[in-house]
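Below is one structure, written out as structure tokens, with a few remarks after it.
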Amino acid sequence: MGTALIVGASRGIGHELVRQYLAEGWRVIATARKKEDCDMLAEMGAEPHKLDVTNVEAVAGLGWKLDGEHLDVAILNAGVYGPKSEGFPMQSDFDAVMHTNVLAAMRLLPIIAPMVCLARGKLAVMSSRMGSLSSRTHPNGTLYRASKAALNSVLIDTALTFGARGATCVALHPGWVRTDMGGSGADLSVEESARGIRKTLASLPPSDQAVYRDYDGTPIPW
Ligand code: NAP
């Protein structure tokens, strides 16, 4: 068993990934932005770090605290959907979604990737099928789609730098999952999604180039 880092583990898919990796005997480093969620993660058996991914000092601090770690799996899971209503975008909504889903990845991936290279591991971002540019069928969720397409772009660039050094870079679609974000009518439980994600990451061969996968391993076109 290896070491996994889950960024954004207070609830939803990230929390379930922590639970399943721990149950399988992995060492799990997990982040959350509230102290009570860090306490909960510690009680589960994970090594918690307090991190709001939009806080640049906290991001730099995480890099300092984890320096030298060998990460077999690192999953940047924290994300927000933004406003459900369509229409004229407010600057505050744009900033919140882009800072959480894109800017945070631009800062965190270069910090985490060298630790994944040391283990020749998997560096994953929790993207979405909604970020695919070439398989769009609905115009809904424009801001969220733009953020996940930009996240995919950041991951592809990360692979250009760190892929040849040993980090296999993966954009994941977790499925449509019953969480606060996915809603109660979604297709999958968090257990099913996390199980599929873990299996997909475990079975992916090493790759210099970024890949885009559904939770069950099916390739998704960029
Ligand atoms: P969720 O239940 O809403 O949980 C979101 C997680 O992100 C929470 O742990 C939240 O922490 C964390 N987070 C948000 N902003 C953060 C910040 N600034 N700093 C640190 N953590 C932050 O969502 P989910 O359904 O589990 O989604 C997880 C990921 O999968 C997201 O990236 C989402 O876009 C993606 N995804 C989900 C679905 C779906 O159907 N559910 C489909 C496609 C993609 P707090 O508790 O502190 O808010």
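We name chains A, B, ... following the order of the structure tokens; residues begin at 1 in each chain, and ligands are numbered from 1 as shown.
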**Message:** Could you list, as an NGL selection string, all protein and nucleic acid residues with an atom at most 9 Å from ligand 1, counting only C-alpha atoms and all ligand atoms?
**Reply:** :A and (7-16 or 31-34 or 37 or 50-55 or 76-81 or 96-97 or 99-101 or 104 or 125-130 or 144 or 148 or 172-183 or 186-188 or 190)
**Request:** From a DSSP pass on the backbone, collect the residues of region 29-182 of chain A flagged as helix (DSSP H, G or I) and hand them back as a ChimeraX atom specification.
**Result:** /A:35-44,56-66,91-119,129-131,142-162
**Request:** Write down as an MDAnalysis selection string the residues of chain A whose backbone DSSP state falls under strand (DSSP E).
**Result:** chainID A and resid 3:7 27:32 47:50 73:76 122:126 168:173 211:214
Can you check which parts of region 70-106 of chain A lie within 7 Å of region 114-123 of chain A? Per residue, the shortest pair of atoms and distance in Å to one decimal, counting only C-alpha atoms, sorted by chain and number, as a Markdown table.
| residue | atom | partner | partner_atom | distance |
| --- | --- | --- | --- | --- |
| A:His70 | CA | A:Ala119 | CA | 5.0 |
| A:Leu71 | CA | A:Val116 | CA | 4.7 |
| A:Asp72 | CA | A:Gly121 | CA | 4.2 |
| A:Val73 | CA | A:Lys122 | CA | 4.9 |
| A:Ala74 | CA | A:Leu123 | CA | 5.0 |
| A:Ile75 | CA | A:Leu123 | CA | 6.2 |
Would you output that residue set with C-alpha atoms, as a compact mmCIF listing (two decimals), in the first residue's frame?
# COMPACT_ATOMS: atom_id res chain seq x y z
CA HIS A 70 6.63 10.32 -1.93
CA LEU A 71 3.00 10.39 -3.13
CA ASP A 72 1.72 7.32 -4.99
CA VAL A 73 -1.62 9.07 -5.56
CA ALA A 74 -2.49 12.77 -5.26
CA ILE A 75 -6.02 13.95 -6.05
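Taking CA of Lys199 (chain A) as the reference point, CA of Ser147 (chain A) is found at 26.0 Å.
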Can you list, as a compact mmCIF listing (two decimals) with N, CA, C and O atoms, in the first residue's frame, every protein, DNA or RNA residue that comes within 12 Å of Glu86 (chain A) when you count only C-alpha atoms, leaving out same-chain residues fewer than 2 positions away?
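What follows is the written file part.txt:
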# COMPACT_ATOMS: atom_id res chain seq x y z
N GLY A 82 -20.57 26.97 -8.41
CA GLY A 82 -20.96 28.36 -8.69
C GLY A 82 -22.46 28.47 -8.80
O GLY A 82 -23.20 27.57 -8.39
N PRO A 83 -22.96 29.58 -9.37
CA PRO A 83 -24.40 29.81 -9.40
C PRO A 83 -25.11 28.79 -10.29
O PRO A 83 -24.60 28.44 -11.35
N LYS A 84 -26.27 28.33 -9.82
CA LYS A 84 -27.06 27.38 -10.63
C LYS A 84 -27.79 28.12 -11.74
O LYS A 84 -28.11 27.54 -12.78
N PHE A 88 -26.38 36.68 -16.94
CA PHE A 88 -25.26 37.61 -16.85
C PHE A 88 -24.36 37.24 -15.68
O PHE A 88 -24.80 37.24 -14.53
N PRO A 89 -23.09 36.91 -15.92
CA PRO A 89 -22.24 36.45 -14.82
C PRO A 89 -21.76 37.60 -13.94
O PRO A 89 -21.35 38.64 -14.43
N MET A 90 -21.85 37.39 -12.64
CA MET A 90 -21.34 38.36 -11.68
C MET A 90 -19.84 38.13 -11.50
O MET A 90 -19.37 37.00 -11.47
N ASP A 93 -18.99 35.74 -8.65
CA ASP A 93 -19.18 34.32 -8.96
C ASP A 93 -18.03 33.81 -9.83
O ASP A 93 -17.50 32.72 -9.61
N PRO A 139 -25.74 23.64 -23.27
CA PRO A 139 -25.04 24.90 -22.97
C PRO A 139 -25.15 25.31 -21.50
O PRO A 139 -24.74 26.42 -21.14
N ASN A 140 -25.67 24.43 -20.64
CA ASN A 140 -25.86 24.82 -19.23
C ASN A 140 -24.54 24.83 -18.47
O ASN A 140 -23.58 24.19 -18.87
N GLY A 141 -24.51 25.58 -17.39
CA GLY A 141 -23.33 25.59 -16.51
C GLY A 141 -22.10 26.16 -17.17
O GLY A 141 -20.99 25.64 -16.99
N THR A 142 -22.27 27.26 -17.92
CA THR A 142 -21.15 27.80 -18.71
C THR A 142 -19.92 28.13 -17.87
O THR A 142 -18.80 27.82 -18.28
N LEU A 143 -20.14 28.73 -16.71
CA LEU A 143 -19.00 29.12 -15.88
C LEU A 143 -18.26 27.88 -15.36
O LEU A 143 -17.03 27.80 -15.43
N TYR A 144 -19.02 26.91 -14.87
CA TYR A 144 -18.42 25.68 -14.36
C TYR A 144 -17.68 24.95 -15.49
O TYR A 144 -16.56 24.48 -15.32
Please provide the set of residues having any atom within 10 Å of Val56 (chain A), restricted to only C-alpha atoms, with same-chain residues fewer than 5 positions apart removed, written as a PDB file with N, CA, C and O atoms, in the first residue's frame.
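Below you can see selection32.pdb, which holds the result:
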ATOM      1  N   LEU A  51      -6.323  23.604   4.916  1.00  0.00           N
ATOM      2  CA  LEU A  51      -5.996  24.276   3.648  1.00  0.00           C
ATOM      3  C   LEU A  51      -7.254  24.787   2.967  1.00  0.00           C
ATOM      4  O   LEU A  51      -8.140  24.024   2.601  1.00  0.00           O
ATOM      5  N   GLY A  61       2.413  26.951   2.353  1.00  0.00           N
ATOM      6  CA  GLY A  61       2.695  26.258   3.608  1.00  0.00           C
ATOM      7  C   GLY A  61       2.543  24.749   3.476  1.00  0.00           C
ATOM      8  O   GLY A  61       3.326  23.985   4.052  1.00  0.00           O
ATOM      9  N   LEU A  62       1.560  24.316   2.697  1.00  0.00           N
ATOM     10  CA  LEU A  62       1.377  22.872   2.496  1.00  0.00           C
ATOM     11  C   LEU A  62       2.606  22.294   1.801  1.00  0.00           C
ATOM     12  O   LEU A  62       3.094  21.222   2.174  1.00  0.00           O
ATOM     13  N   LEU A 103      -7.201  28.597 -10.502  1.00  0.00           N
ATOM     14  CA  LEU A 103      -6.012  29.238  -9.927  1.00  0.00           C
ATOM     15  C   LEU A 103      -5.366  28.348  -8.865  1.00  0.00           C
ATOM     16  O   LEU A 103      -4.132  28.225  -8.803  1.00  0.00           O
ATOM     17  N   ALA A 104      -6.191  27.721  -8.047  1.00  0.00           N
ATOM     18  CA  ALA A 104      -5.645  26.831  -7.008  1.00  0.00           C
ATOM     19  C   ALA A 104      -4.842  25.700  -7.639  1.00  0.00           C
ATOM     20  O   ALA A 104      -3.765  25.334  -7.140  1.00  0.00           O
ATOM     21  N   ARG A 107      -1.453  26.736  -8.806  1.00  0.00           N
ATOM     22  CA  ARG A 107      -0.494  26.888  -7.713  1.00  0.00           C
ATOM     23  C   ARG A 107      -0.117  25.544  -7.083  1.00  0.00           C
ATOM     24  O   ARG A 107       1.040  25.321  -6.733  1.00  0.00           O
ATOM     25  N   LEU A 108      -1.131  24.676  -6.906  1.00  0.00           N
ATOM     26  CA  LEU A 108      -0.889  23.427  -6.174  1.00  0.00           C
ATOM     27  C   LEU A 108      -0.183  22.362  -7.018  1.00  0.00           C
ATOM     28  O   LEU A 108       0.662  21.626  -6.504  1.00  0.00           O
TER      29      LEU A 108
END
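For the residues A:Ala30, A:Val170, A:Leu22, A:Leu5, ranking by smallest atom-to-atom distance to Pro205 (chain A) using only C-alpha atoms places A:Val170 first.
Atom to atom, CA of Ile156 (chain A) and CA of Trp222 (chain A) stand 10.1 Å apart.
The residue that comes closest to Leu151 (chain A), out of A:His138, A:Ala105, A:Leu204, A:Pro221 and on the basis of only C-alpha atoms, is A:Ala105.
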Would you mind listing what lies within 7 Å of Arg213 (chain A) as a JSON list (two decimals) with all heavy atoms, in the first residue's frame, with only C-alpha atoms counted and same-chain residues fewer than 4 positions away left out?
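Once everything was written out, this is selection.json:
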[["chain", "number", "residue", "atom", "x", "y", "z"],
["A", 171, "ALA", "N", -6.99, 13.71, -15.64],
["A", 171, "ALA", "CA", -8.22, 14.48, -15.38],
["A", 171, "ALA", "C", -9.35, 13.47, -15.22],
["A", 171, "ALA", "O", -9.57, 12.64, -16.11],
["A", 171, "ALA", "CB", -8.51, 15.43, -16.54],
["A", 172, "LEU", "N", -10.06, 13.53, -14.10],
["A", 172, "LEU", "CA", -11.09, 12.53, -13.80],
["A", 172, "LEU", "C", -12.48, 13.14, -13.88],
["A", 172, "LEU", "O", -12.71, 14.27, -13.43],
["A", 172, "LEU", "CB", -10.90, 12.00, -12.38],
["A", 172, "LEU", "CG", -9.71, 11.09, -12.12],
["A", 172, "LEU", "CD1", -9.49, 10.94, -10.61],
["A", 172, "LEU", "CD2", -9.93, 9.72, -12.77],
["A", 173, "HIS", "N", -13.42, 12.38, -14.43],
["A", 173, "HIS", "CA", -14.84, 12.66, -14.24],
["A", 173, "HIS", "C", -15.34, 11.64, -13.22],
["A", 173, "HIS", "O", -15.24, 10.43, -13.47],
["A", 173, "HIS", "CB", -15.61, 12.52, -15.56],
["A", 173, "HIS", "CG", -17.10, 12.66, -15.38],
["A", 173, "HIS", "ND1", -17.68, 13.79, -14.87],
["A", 173, "HIS", "CD2", -18.12, 11.79, -15.62],
["A", 173, "HIS", "CE1", -18.99, 13.63, -14.81],
["A", 173, "HIS", "NE2", -19.28, 12.42, -15.26],
["A", 217, "GLY", "N", -12.97, 4.36, -15.87],
["A", 217, "GLY", "CA", -11.80, 4.14, -16.72],
["A", 217, "GLY", "C", -12.01, 4.45, -18.19],
["A", 217, "GLY", "O", -11.05, 4.45, -18.96],
["A", 218, "THR", "N", -13.24, 4.72, -18.58],
["A", 218, "THR", "CA", -13.52, 5.02, -20.00],
["A", 218, "THR", "C", -12.86, 6.33, -20.40],
["A", 218, "THR", "O", -13.04, 7.34, -19.71],
["A", 218, "THR", "CB", -15.04, 5.15, -20.23],
["A", 218, "THR", "OG1", -15.68, 3.99, -19.71],
["A", 218, "THR", "CG2", -15.36, 5.30, -21.71],
["A", 219, "PRO", "N", -12.10, 6.35, -21.52],
["A", 219, "PRO", "CA", -11.49, 7.61, -21.97],
["A", 219, "PRO", "C", -12.55, 8.64, -22.35],
["A", 219, "PRO", "O", -13.61, 8.30, -22.89],
["A", 219, "PRO", "CB", -10.68, 7.19, -23.21],
["A", 219, "PRO", "CG", -10.44, 5.73, -23.04],
["A", 219, "PRO", "CD", -11.66, 5.20, -22.34],
["A", 220, "ILE", "N", -12.29, 9.91, -22.06],
["A", 220, "ILE", "CA", -13.17, 11.02, -22.44],
["A", 220, "ILE", "C", -12.37, 11.90, -23.39],
["A", 220, "ILE", "O", -11.19, 12.20, -23.12],
["A", 220, "ILE", "CB", -13.60, 11.83, -21.19],
["A", 220, "ILE", "CG1", -14.38, 10.95, -20.21],
["A", 220, "ILE", "CG2", -14.43, 13.05, -21.58],
["A", 220, "ILE", "CD1", -14.73, 11.64, -18.89]]
**Request:** Tell me, as a ChimeraX atom specification, which residues lie within 9 Å of Ala46 (chain A), counting only C-alpha atoms; anything in the same chain fewer than 6 positions away does not count.
**Result:** /A:18-19,22,27-30,38,40
